[in-house]
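Below: final36.txt (compact mmCIF, C-alpha atoms)
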# COMPACT_ATOMS: atom_id res chain seq x y z
CA MET A 17 31.76 -83.82 -140.29
CA GLU A 18 34.85 -85.90 -139.53
CA GLU A 19 36.24 -85.83 -135.98
CA LYS A 20 39.76 -84.54 -135.60
CA GLN A 21 42.07 -87.21 -134.23
CA THR A 22 43.40 -86.58 -130.74
CA PRO A 23 47.08 -87.01 -129.79
CA PHE A 24 46.04 -90.20 -127.95
CA GLY A 25 44.33 -91.45 -131.11
CA GLN A 26 47.45 -90.64 -133.10
CA LEU A 27 49.54 -92.64 -130.62
CA LEU A 28 47.19 -95.61 -130.97
CA MET A 29 47.35 -95.45 -134.76
CA SER A 30 51.14 -95.20 -134.66
CA LEU A 31 51.37 -98.34 -132.53
CA HIS A 32 48.87 -100.06 -134.82
CA VAL A 33 50.93 -99.27 -137.91
CA GLN A 34 54.14 -100.31 -136.13
CA GLY A 35 52.52 -103.64 -135.28
CA MET A 36 51.22 -104.22 -138.79
CA ILE A 37 54.65 -103.45 -140.26
CA ALA A 38 56.27 -105.88 -137.81
CA LEU A 39 53.76 -108.54 -138.83
CA GLY A 40 54.62 -108.04 -142.50
CA LYS A 41 51.07 -106.90 -143.30
CA ILE A 42 52.18 -103.56 -144.72
CA LYS A 43 55.46 -102.35 -146.19
CA ASN A 44 57.98 -100.65 -143.98
CA PRO A 45 57.94 -97.06 -145.28
CA MET A 46 61.63 -96.65 -144.44
CA THR A 47 62.79 -99.64 -146.51
CA ASP A 48 59.82 -100.03 -148.88
CA LYS A 49 59.99 -103.76 -148.08
CA ILE A 50 57.93 -106.27 -146.15
CA ASP A 51 59.75 -106.88 -142.87
CA LYS A 52 58.56 -109.36 -140.26
CA ASN A 53 59.64 -109.14 -136.64
CA LEU A 54 57.33 -110.99 -134.28
CA ASN A 55 59.15 -109.63 -131.22
CA VAL A 56 58.39 -106.06 -132.26
CA ALA A 57 54.79 -107.01 -133.04
CA LYS A 58 54.42 -108.66 -129.64
CA SER A 59 55.87 -105.54 -128.01
CA SER A 60 53.39 -103.30 -129.83
CA ILE A 61 50.51 -105.47 -128.63
CA LYS A 62 51.82 -105.43 -125.06
CA ILE A 63 52.19 -101.63 -125.06
CA LEU A 64 48.62 -101.26 -126.32
CA GLU A 65 47.32 -103.69 -123.70
CA ASP A 66 49.16 -101.73 -120.99
CA LEU A 67 47.76 -98.44 -122.30
CA LYS A 68 44.26 -99.88 -122.29
CA GLU A 69 44.66 -101.06 -118.71
CA LYS A 70 46.23 -97.81 -117.46
CA THR A 71 43.64 -95.58 -119.13
CA GLU A 72 40.58 -97.64 -118.17
CA GLY A 73 37.73 -95.34 -117.16
CA ASN A 74 39.41 -92.30 -118.70
CA LEU A 75 38.74 -92.88 -122.39
CA SER A 76 35.86 -91.76 -124.51
CA GLU A 77 33.67 -94.52 -125.92
CA ARG A 78 35.24 -93.91 -129.33
CA GLU A 79 38.78 -94.21 -127.94
CA GLU A 80 37.83 -97.35 -126.01
CA ASN A 81 36.46 -98.95 -129.18
CA ILE A 82 39.52 -97.96 -131.20
CA ILE A 83 42.02 -99.46 -128.75
CA LYS A 84 39.97 -102.66 -128.36
CA ASN A 85 39.72 -103.08 -132.14
CA ILE A 86 43.42 -102.42 -132.70
CA ILE A 87 44.45 -104.93 -130.04
CA SER A 88 42.04 -107.52 -131.43
CA GLU A 89 43.27 -107.05 -135.00
CA LEU A 90 46.94 -107.22 -134.01
CA ARG A 91 46.40 -110.33 -131.88
CA LYS A 92 44.53 -112.10 -134.68
CA ASN A 93 47.23 -111.24 -137.21
CA TYR A 94 50.00 -112.18 -134.78
CA VAL A 95 48.54 -115.67 -134.35
CA GLN A 96 48.15 -116.05 -138.11
CA VAL A 97 51.73 -114.96 -138.87
CA ALA A 98 53.20 -117.02 -136.02
CA ASN A 99 51.36 -120.11 -137.30
CA GLU A 100 52.61 -119.47 -140.84
CA GLU A 101 56.17 -119.14 -139.51
CA GLU A 102 55.82 -122.48 -137.67
CA ASP A 103 54.49 -124.15 -140.81
CA ASN A 104 57.50 -122.89 -142.79
CA ASP A 105 60.01 -124.31 -140.30

What would the structure in this file look like if it were written as structure tokens?
Amino acid sequence: MEEKQTPFGQLLMSLHVQGMIALGKIKNPMTDKIDKNLNVAKSSIKILEDLKEKTEGNLSEREENIIKNIISELRKNYVQVANEEEDND
């Protein structure tokens, strides 16, 4: 049986999607285009890092794993996209 996602989990997923859109990894659903904005991506990562820090000790193991994985994925993709941008300059 699949676990129902909590409001906190929904917030995490929203920030994850926002970050992935800003990194150009998925289409912006509002424009149906690939939009890159590294400042927005960096902001999404920072918000997630702050949430992780502020909620430490208050998350379930599942929530802790989700936030760690999202931050890790966004960081990895941020570095990749930033390096690609530098190479194109």

Find the distance between atom CA of Asp51 of chain A and atom CA of Met29 of chain A and write it in Å to one decimal. 18.7 Å

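Atom pair atom CA of Gln34 of chain A / atom CA of Gln21 of chain A has a distance of 17.9 Å (rounded to one decimal).
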
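Shell of Ala57 of chain A at 10 Å, with all atoms listed in the file counted and residues fewer than 6 places along the chain excluded, is Leu31, His32, Val33, Gln34, Gly35, Met36, Ile37, Ala38, Leu39, Gly40, Ile63, Leu90, Arg91, Asn93 and Tyr94 of chain A.
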
Between atom CA of Pro23 of chain A and atom CA of Lys49 of chain A, what distance in Å does the model show, to one decimal? 28.0 Å

So, counting all atoms listed in the file, which residue among A:Val95, A:Ile42, A:Gln26, A:Ile50 is closest to Ile82 of chain A? A:Gln26

Just give me the residues with any atom within 6 Å of (43.5, -99.4, -122.7), file coordinates, counting all atoms listed in the file, written as a list of chain:residue names. A:Glu65, A:Leu67, A:Lys68, A:Glu69, A:Thr71, A:Glu72

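Closest approach to Ile87 of chain A among A:Leu27, A:Ile61, A:Val56, A:Met46 is made by A:Ile61 (distances from all atoms listed in the file).
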